[in-house]
$ cat coords_12.txt   # compact mmCIF, C-alpha atoms
# COMPACT_ATOMS: atom_id res chain seq x y z
CA MET A 1 -9.57 10.15 -16.63
CA VAL A 2 -8.22 6.65 -17.13
CA ASN A 3 -5.14 7.74 -15.21
CA ASN A 4 -7.27 9.19 -12.42
CA LEU A 5 -9.21 5.97 -12.15
CA ALA A 6 -6.00 3.95 -12.15
CA ALA A 7 -4.53 6.27 -9.48
CA ALA A 8 -7.67 6.01 -7.33
CA SER A 9 -7.52 2.24 -7.63
CA LEU A 10 -3.85 2.20 -6.55
CA ASP A 11 -4.74 4.50 -3.62
CA ALA A 12 -7.47 2.09 -2.54
CA THR A 13 -5.35 -1.04 -3.03
CA PHE A 14 -2.27 0.23 -1.18
CA GLY A 15 -4.50 1.81 1.51
CA ALA A 16 -6.31 -1.50 2.04
CA LEU A 17 -2.99 -3.36 2.34
CA ALA A 18 -1.60 -0.86 4.89
CA ASP A 19 -3.23 -2.64 7.83
CA PRO A 20 -2.04 -5.90 9.45
CA THR A 21 -5.57 -7.18 10.19
CA ARG A 22 -6.65 -6.62 6.58
CA ARG A 23 -3.52 -8.38 5.29
CA ALA A 24 -4.23 -11.29 7.68
CA ILE A 25 -7.85 -11.43 6.44
CA LEU A 26 -6.59 -11.67 2.85
CA ALA A 27 -4.12 -14.40 3.88
CA ARG A 28 -6.98 -16.35 5.45
CA LEU A 29 -9.18 -15.82 2.39
CA ALA A 30 -6.41 -17.18 0.20
CA GLU A 31 -6.53 -20.53 2.01
CA LYS A 32 -10.05 -21.41 0.86
CA SER A 33 -12.24 -20.62 -2.09
CA GLU A 34 -14.90 -19.13 0.22
CA ILE A 35 -15.25 -18.45 3.92
CA SER A 36 -18.13 -17.07 6.02
CA VAL A 37 -17.66 -13.79 7.87
CA THR A 38 -18.10 -15.54 11.24
CA GLU A 39 -15.46 -18.15 10.41
CA LEU A 40 -13.21 -15.46 8.98
CA ALA A 41 -13.46 -13.33 12.15
CA GLN A 42 -12.76 -16.22 14.54
CA PRO A 43 -8.95 -16.06 14.95
CA PHE A 44 -8.86 -12.28 15.21
CA ASP A 45 -8.70 -10.55 18.54
CA VAL A 46 -10.98 -7.73 17.42
CA THR A 47 -14.74 -7.16 17.58
CA LEU A 48 -17.07 -8.28 14.78
CA PRO A 49 -17.94 -4.62 13.94
CA ALA A 50 -14.19 -3.94 13.58
CA ILE A 51 -13.86 -6.94 11.25
CA SER A 52 -16.87 -5.69 9.30
CA ARG A 53 -15.21 -2.32 8.81
CA HIS A 54 -12.05 -4.02 7.54
CA LEU A 55 -14.12 -6.18 5.17
CA ARG A 56 -15.82 -3.05 3.84
CA VAL A 57 -12.44 -1.40 3.14
CA LEU A 58 -11.30 -4.55 1.30
CA GLU A 59 -14.59 -4.70 -0.61
CA GLU A 60 -14.38 -1.03 -1.63
CA ALA A 61 -10.84 -1.66 -2.86
CA GLY A 62 -12.22 -4.51 -4.96
CA LEU A 63 -10.07 -7.05 -3.08
CA LEU A 64 -12.97 -8.97 -1.57
CA ALA A 65 -16.27 -10.26 -2.96
CA ARG A 66 -19.28 -11.26 -0.89
CA ARG A 67 -22.02 -13.75 -1.67
CA ARG A 68 -25.12 -13.81 0.51
CA GLU A 69 -26.80 -17.06 1.42
CA GLY A 70 -29.69 -16.32 3.76
CA ARG A 71 -28.08 -14.57 6.75
CA VAL A 72 -24.63 -15.89 5.99
CA HIS A 73 -22.15 -13.80 4.04
CA HIS A 74 -19.48 -15.76 2.21
CA CYS A 75 -16.27 -13.95 1.27
CA ARG A 76 -13.59 -14.64 -1.27
CA VAL A 77 -10.42 -12.85 -2.24
CA VAL A 78 -10.28 -10.90 -5.53
CA ALA A 79 -6.63 -10.36 -6.30
CA ALA A 80 -6.97 -8.53 -9.64
CA PRO A 81 -6.38 -5.02 -8.19
CA MET A 82 -3.07 -6.26 -6.74
CA LYS A 83 -1.66 -6.73 -10.25
CA PRO A 84 -1.27 -2.99 -11.06
CA ALA A 85 0.01 -2.43 -7.51
CA SER A 86 2.62 -5.12 -8.04
CA GLU A 87 3.55 -3.61 -11.41
CA TRP A 88 3.86 -0.15 -9.88
CA ILE A 89 6.31 -1.42 -7.23
CA ALA A 90 8.24 -3.51 -9.80
CA ARG A 91 9.46 -0.30 -11.47
CA TYR A 92 11.68 0.29 -8.42
CA GLN A 93 13.19 -3.17 -8.42
CA ARG A 94 16.47 -1.88 -9.92
CA PHE A 95 16.91 0.30 -6.78
CA TRP A 96 16.68 -2.46 -4.16
CA MET B 1 8.83 -9.21 17.58
CA VAL B 2 10.53 -9.65 14.24
CA ASN B 3 7.10 -10.26 12.75
CA ASN B 4 5.71 -7.16 14.43
CA LEU B 5 8.55 -5.08 13.00
CA ALA B 6 8.01 -6.60 9.56
CA ALA B 7 4.26 -5.91 9.83
CA ALA B 8 4.84 -2.32 10.94
CA SER B 9 7.20 -1.85 8.02
CA LEU B 10 4.60 -3.21 5.57
CA ASP B 11 1.98 -0.89 7.14
CA ALA B 12 4.28 2.10 6.60
CA THR B 13 5.30 1.08 3.08
CA PHE B 14 1.77 0.40 1.80
CA GLY B 15 0.47 3.49 3.65
CA ALA B 16 3.13 5.68 2.03
CA LEU B 17 2.26 4.31 -1.43
CA ALA B 18 -1.48 4.91 -0.94
CA ASP B 19 -1.26 8.54 -2.08
CA PRO B 20 -0.90 9.75 -5.70
CA THR B 21 1.36 12.71 -4.81
CA ARG B 22 3.72 10.46 -2.85
CA ARG B 23 3.83 7.96 -5.72
CA ALA B 24 4.57 10.84 -8.13
CA ILE B 25 7.35 12.08 -5.81
CA LEU B 26 8.92 8.60 -5.85
CA ALA B 27 8.60 8.49 -9.66
CA ARG B 28 10.43 11.84 -9.88
CA LEU B 29 13.09 10.69 -7.41
CA ALA B 30 13.68 7.60 -9.55
CA GLU B 31 14.71 9.77 -12.52
CA LYS B 32 17.83 11.20 -10.84
CA SER B 33 20.28 10.06 -8.20
CA GLU B 34 19.48 13.11 -6.05
CA ILE B 35 17.09 16.04 -6.24
CA SER B 36 16.59 19.11 -4.02
CA VAL B 37 13.26 19.56 -2.21
CA THR B 38 12.58 22.81 -4.14
CA GLU B 39 13.21 21.13 -7.50
CA LEU B 40 11.20 18.11 -6.38
CA ALA B 41 8.21 20.25 -5.37
CA GLN B 42 8.19 22.28 -8.62
CA PRO B 43 5.78 20.28 -10.83
CA PHE B 44 3.28 19.65 -8.04
CA ASP B 45 0.21 21.78 -7.62
CA VAL B 46 0.41 21.67 -3.83
CA THR B 47 2.04 23.94 -1.23
CA LEU B 48 5.60 23.39 -0.03
CA PRO B 49 4.37 22.49 3.51
CA ALA B 50 2.13 19.83 1.93
CA ILE B 51 5.11 18.46 -0.02
CA SER B 52 7.15 18.48 3.21
CA ARG B 53 4.49 16.41 4.95
CA HIS B 54 4.54 13.90 2.09
CA LEU B 55 8.34 13.75 2.23
CA ARG B 56 8.16 13.09 5.96
CA VAL B 57 5.75 10.18 5.43
CA LEU B 58 8.10 8.73 2.79
CA GLU B 59 11.09 9.27 5.07
CA GLU B 60 9.37 7.58 8.03
CA ALA B 61 8.55 4.63 5.78
CA GLY B 62 12.24 4.45 4.90
CA LEU B 63 11.50 5.14 1.23
CA LEU B 64 13.35 8.45 1.07
CA ALA B 65 16.73 9.62 2.36
CA ARG B 66 17.75 13.24 2.83
CA ARG B 67 21.21 14.80 2.72
CA ARG B 68 21.65 18.35 3.96
CA GLU B 69 24.00 20.75 2.20
CA GLY B 70 23.75 24.14 3.92
CA ARG B 71 20.09 25.11 3.57
CA VAL B 72 19.44 22.74 0.72
CA HIS B 73 17.97 19.30 1.35
CA HIS B 74 18.76 16.68 -1.27
CA CYS B 75 16.48 13.66 -1.53
CA ARG B 76 16.92 10.25 -3.01
CA VAL B 77 14.69 7.21 -3.26
CA VAL B 78 15.38 4.18 -1.02
CA ALA B 79 13.51 1.28 -2.56
CA ALA B 80 14.56 -1.47 -0.13
CA PRO B 81 11.27 -1.46 1.87
CA MET B 82 9.37 -2.06 -1.38
CA LYS B 83 10.93 -5.51 -1.70
CA PRO B 84 8.95 -7.17 1.16
CA ALA B 85 5.85 -5.29 -0.03
CA SER B 86 6.35 -6.72 -3.52
CA GLU B 87 6.92 -10.18 -2.07
CA TRP B 88 3.77 -9.91 0.04
CA ILE B 89 1.66 -9.08 -3.02
CA ALA B 90 3.36 -11.77 -5.14
CA ARG B 91 1.76 -14.48 -2.96
CA TYR B 92 -1.60 -13.55 -4.53
CA GLN B 93 -0.33 -13.74 -8.10
CA ARG B 94 -2.01 -17.10 -8.66
CA PHE B 95 -5.40 -15.42 -8.01
CA TRP B 96 -5.15 -12.68 -10.65

$ encode --input "coords_12.txt" --output "structure tokens"
Amino acid sequence: MVNNLAAASLDATFGALADPTRRAILARLAEKSEISVTELAQPFDVTLPAISRHLRVLEEAGLLARRREGRVHHCRVVAAPMKPASEWIARYQRFW
Amino acid sequence: MVNNLAAASLDATFGALADPTRRAILARLAEKSEISVTELAQPFDVTLPAISRHLRVLEEAGLLARRREGRVHHCRVVAAPMKPASEWIARYQRFW
């Protein structure tokens, strides 16, 4: 059960990182402690609904947290799930 | 262009790692220098065509190499693409 949960979490983490827009969103989130969705979406050449879908994927993977302030959603990066992903990859270090 | 190639490679690497069967295949490949597809498929509770599809995803991500010997395909892990993936994640280490 623990292993299944851990596996599901790795699935979600690696799946979330498998998209260039989502990786760019995380890179932008890493620059500040918090950023609004509108500000976050600004440099991206995709629609706001598309950004929202990416944010939802990141949120479901536990890589993004939202705080609501009136109509404004503030986002911040949550890197904790990346730790087991990093550890999983590190096992193959001797092969590269 | 170089960045696009690097991004596409990260997409493929993270995408390939986002599946528990593919991660288990890589773990099995890491135990030996080479392993036949039949032997590789043995412990998995999925059909051989399903295993073949997983192997193709790993191969396309550059994480698996095949050598043909008559009708037998031998596989080995190629970990090189995991290095940039590991480096990408490492940037977030200060957040976890």

$ closest_residue --input "coords_12.txt" --among "B:Leu63, B:Ala16, B:Ile51, B:Ala8" --to "Ala30 (chain B)" --atoms "all atoms listed in the file"
B:Leu63

$ residues_around --input "coords_12.txt" --residues "Val57 (chain A)" --least-positions-apart "2" --cutoff "10 Å" --atoms "only C-alpha atoms" --output "PDB file with C-alpha atoms, in the frame of the given file"
ATOM      1  CA  ALA A  12      -7.470   2.090  -2.540  1.00  0.00           C
ATOM      2  CA  THR A  13      -5.350  -1.040  -3.030  1.00  0.00           C
ATOM      3  CA  GLY A  15      -4.500   1.810   1.510  1.00  0.00           C
ATOM      4  CA  ALA A  16      -6.310  -1.500   2.040  1.00  0.00           C
ATOM      5  CA  LEU A  17      -2.990  -3.360   2.340  1.00  0.00           C
ATOM      6  CA  ARG A  22      -6.650  -6.620   6.580  1.00  0.00           C
ATOM      7  CA  ILE A  51     -13.860  -6.940  11.250  1.00  0.00           C
ATOM      8  CA  SER A  52     -16.870  -5.690   9.300  1.00  0.00           C
ATOM      9  CA  ARG A  53     -15.210  -2.320   8.810  1.00  0.00           C
ATOM     10  CA  HIS A  54     -12.050  -4.020   7.540  1.00  0.00           C
ATOM     11  CA  LEU A  55     -14.120  -6.180   5.170  1.00  0.00           C
ATOM     12  CA  GLU A  59     -14.590  -4.700  -0.610  1.00  0.00           C
ATOM     13  CA  GLU A  60     -14.380  -1.030  -1.630  1.00  0.00           C
ATOM     14  CA  ALA A  61     -10.840  -1.660  -2.860  1.00  0.00           C
ATOM     15  CA  GLY A  62     -12.220  -4.510  -4.960  1.00  0.00           C
ATOM     16  CA  LEU A  63     -10.070  -7.050  -3.080  1.00  0.00           C
ATOM     17  CA  LEU A  64     -12.970  -8.970  -1.570  1.00  0.00           C
TER      18      LEU A  64
END

$ closest_residue --input "coords_12.txt" --among "B:Leu48, B:Leu10, B:Val72, B:Ile25" --to "chain A" --atoms "all atoms listed in the file"
B:Leu10

$ atom_distance --input "coords_12.txt" --atom1 "CA of Glu31 (chain A)" --atom2 "CA of Asn3 (chain B)"
20.2 Å

$ interface_residues --input "coords_12.txt" --of "chain A" --to "chain B" --cutoff "6 Å" --atoms "only C-alpha atoms" --output "list of chain:residue names"
A:Asp11, A:Phe14, A:Gly15, A:Ala18, A:Asp19, A:Ala79, A:Ala80, A:Phe95, A:Trp96

$ atom_distance --input "coords_12.txt" --atom1 "CA of Ala24 (chain A)" --atom2 "CA of Pro49 (chain A)"
16.5 Å

$ atom_distance --input "coords_12.txt" --atom1 "CA of Arg76 (chain B)" --atom2 "CA of Leu5 (chain A)"
28.0 Å

$ closest_residue --input "coords_12.txt" --among "B:Pro84, B:Leu58, B:Ala6, B:Gly70" --to "Leu29 (chain B)" --atoms "only C-alpha atoms"
B:Leu58

$ closest_residue --input "coords_12.txt" --among "B:Glu69, B:Thr47, B:Cys75, B:Arg56" --to "Ser33 (chain B)" --atoms "all atoms listed in the file"
B:Cys75

$ decode --input "coords_12.txt" --residues "region 67-82 of chain A" --atoms "all heavy atoms" --output "compact mmCIF listing (two decimals), in the first residue's frame"
# COMPACT_ATOMS: atom_id res chain seq x y z
N ARG A 67 -3.18 29.79 -2.93
CA ARG A 67 -3.80 30.53 -1.84
C ARG A 67 -4.74 31.54 -2.48
O ARG A 67 -4.34 32.23 -3.42
CB ARG A 67 -2.70 31.24 -1.02
CG ARG A 67 -3.18 31.98 0.21
CD ARG A 67 -1.99 32.58 0.97
NE ARG A 67 -1.29 33.59 0.17
CZ ARG A 67 -1.69 34.87 0.05
NH1 ARG A 67 -2.77 35.30 0.66
NH2 ARG A 67 -0.98 35.72 -0.69
N ARG A 68 -5.99 31.56 -2.02
CA ARG A 68 -6.96 32.47 -2.62
C ARG A 68 -7.07 33.75 -1.83
O ARG A 68 -7.14 33.71 -0.60
CB ARG A 68 -8.32 31.77 -2.66
CG ARG A 68 -8.97 31.89 -4.01
CD ARG A 68 -10.27 31.16 -4.03
NE ARG A 68 -11.28 32.03 -4.63
CZ ARG A 68 -12.37 31.57 -5.23
NH1 ARG A 68 -12.59 30.28 -5.26
NH2 ARG A 68 -13.22 32.40 -5.78
N GLU A 69 -7.06 34.85 -2.53
CA GLU A 69 -7.22 36.15 -1.88
C GLU A 69 -8.24 36.90 -2.71
O GLU A 69 -7.89 37.49 -3.75
CB GLU A 69 -5.86 36.88 -1.88
CG GLU A 69 -5.74 38.00 -0.87
CD GLU A 69 -4.33 38.61 -0.90
OE1 GLU A 69 -4.10 39.50 -1.75
OE2 GLU A 69 -3.47 38.17 -0.13
N GLY A 70 -9.51 36.85 -2.30
CA GLY A 70 -10.58 37.41 -3.12
C GLY A 70 -10.65 36.63 -4.42
O GLY A 70 -10.78 35.41 -4.41
N ARG A 71 -10.51 37.33 -5.56
CA ARG A 71 -10.58 36.62 -6.86
C ARG A 71 -9.20 36.23 -7.37
O ARG A 71 -9.08 35.66 -8.45
CB ARG A 71 -11.30 37.51 -7.89
CG ARG A 71 -12.77 37.74 -7.52
CD ARG A 71 -13.47 38.54 -8.59
NE ARG A 71 -13.40 37.88 -9.90
CZ ARG A 71 -13.94 38.39 -11.01
NH1 ARG A 71 -14.54 39.54 -10.97
NH2 ARG A 71 -13.84 37.73 -12.15
N VAL A 72 -8.20 36.60 -6.60
CA VAL A 72 -6.82 36.33 -7.06
C VAL A 72 -6.29 35.03 -6.45
O VAL A 72 -6.38 34.83 -5.24
CB VAL A 72 -5.88 37.52 -6.70
CG1 VAL A 72 -4.48 37.26 -7.23
CG2 VAL A 72 -6.44 38.82 -7.28
N HIS A 73 -5.77 34.19 -7.30
CA HIS A 73 -5.14 32.96 -6.83
C HIS A 73 -3.63 33.15 -6.84
O HIS A 73 -3.07 33.52 -7.86
CB HIS A 73 -5.47 31.78 -7.75
CG HIS A 73 -6.87 31.31 -7.63
ND1 HIS A 73 -7.19 30.05 -7.21
CD2 HIS A 73 -8.04 31.95 -7.87
CE1 HIS A 73 -8.51 29.91 -7.20
NE2 HIS A 73 -9.05 31.04 -7.61
N HIS A 74 -3.00 32.94 -5.70
CA HIS A 74 -1.55 33.02 -5.61
C HIS A 74 -0.98 31.60 -5.60
O HIS A 74 -1.50 30.74 -4.89
CB HIS A 74 -1.13 33.76 -4.34
CG HIS A 74 -1.62 35.17 -4.30
ND1 HIS A 74 -0.93 36.21 -4.90
CD2 HIS A 74 -2.74 35.71 -3.76
CE1 HIS A 74 -1.61 37.33 -4.71
NE2 HIS A 74 -2.70 37.06 -4.02
N CYS A 75 0.08 31.40 -6.37
CA CYS A 75 0.67 30.07 -6.47
C CYS A 75 2.09 30.07 -5.92
O CYS A 75 2.79 31.07 -6.01
CB CYS A 75 0.76 29.62 -7.93
SG CYS A 75 -0.81 29.63 -8.76
N ARG A 76 2.47 28.93 -5.36
CA ARG A 76 3.87 28.75 -4.99
C ARG A 76 4.27 27.31 -5.29
O ARG A 76 3.44 26.40 -5.33
CB ARG A 76 4.12 29.12 -3.52
CG ARG A 76 3.40 28.29 -2.52
CD ARG A 76 3.71 28.69 -1.07
NE ARG A 76 2.88 27.90 -0.17
CZ ARG A 76 3.14 26.67 0.23
NH1 ARG A 76 4.24 26.07 -0.17
NH2 ARG A 76 2.31 26.02 1.03
N VAL A 77 5.56 27.13 -5.50
CA VAL A 77 6.09 25.81 -5.80
C VAL A 77 6.17 24.99 -4.51
O VAL A 77 6.45 25.54 -3.43
CB VAL A 77 7.48 25.92 -6.49
CG1 VAL A 77 8.56 26.43 -5.56
CG2 VAL A 77 7.92 24.58 -7.08
N VAL A 78 5.88 23.69 -4.61
CA VAL A 78 6.08 22.75 -3.50
C VAL A 78 6.98 21.66 -4.05
O VAL A 78 6.55 20.83 -4.86
CB VAL A 78 4.73 22.14 -3.03
CG1 VAL A 78 4.96 21.21 -1.83
CG2 VAL A 78 3.73 23.22 -2.69
N ALA A 79 8.23 21.69 -3.65
CA ALA A 79 9.21 20.81 -4.30
C ALA A 79 9.31 19.43 -3.65
O ALA A 79 9.91 18.52 -4.23
CB ALA A 79 10.58 21.47 -4.32
N ALA A 80 8.69 19.24 -2.49
CA ALA A 80 8.84 17.98 -1.74
C ALA A 80 8.69 16.72 -2.59
O ALA A 80 9.52 15.81 -2.49
CB ALA A 80 7.89 17.96 -0.54
N PRO A 81 7.65 16.64 -3.48
CA PRO A 81 7.52 15.39 -4.26
C PRO A 81 8.70 15.14 -5.22
O PRO A 81 8.86 14.03 -5.72
CB PRO A 81 6.23 15.60 -5.06
CG PRO A 81 5.49 16.67 -4.35
CD PRO A 81 6.54 17.56 -3.75
N MET A 82 9.50 16.18 -5.48
CA MET A 82 10.64 15.98 -6.38
C MET A 82 11.75 15.18 -5.71
O MET A 82 12.59 14.60 -6.39
CB MET A 82 11.20 17.32 -6.83
CG MET A 82 10.26 18.11 -7.72
SD MET A 82 11.15 19.49 -8.46
CE MET A 82 9.82 20.60 -8.85
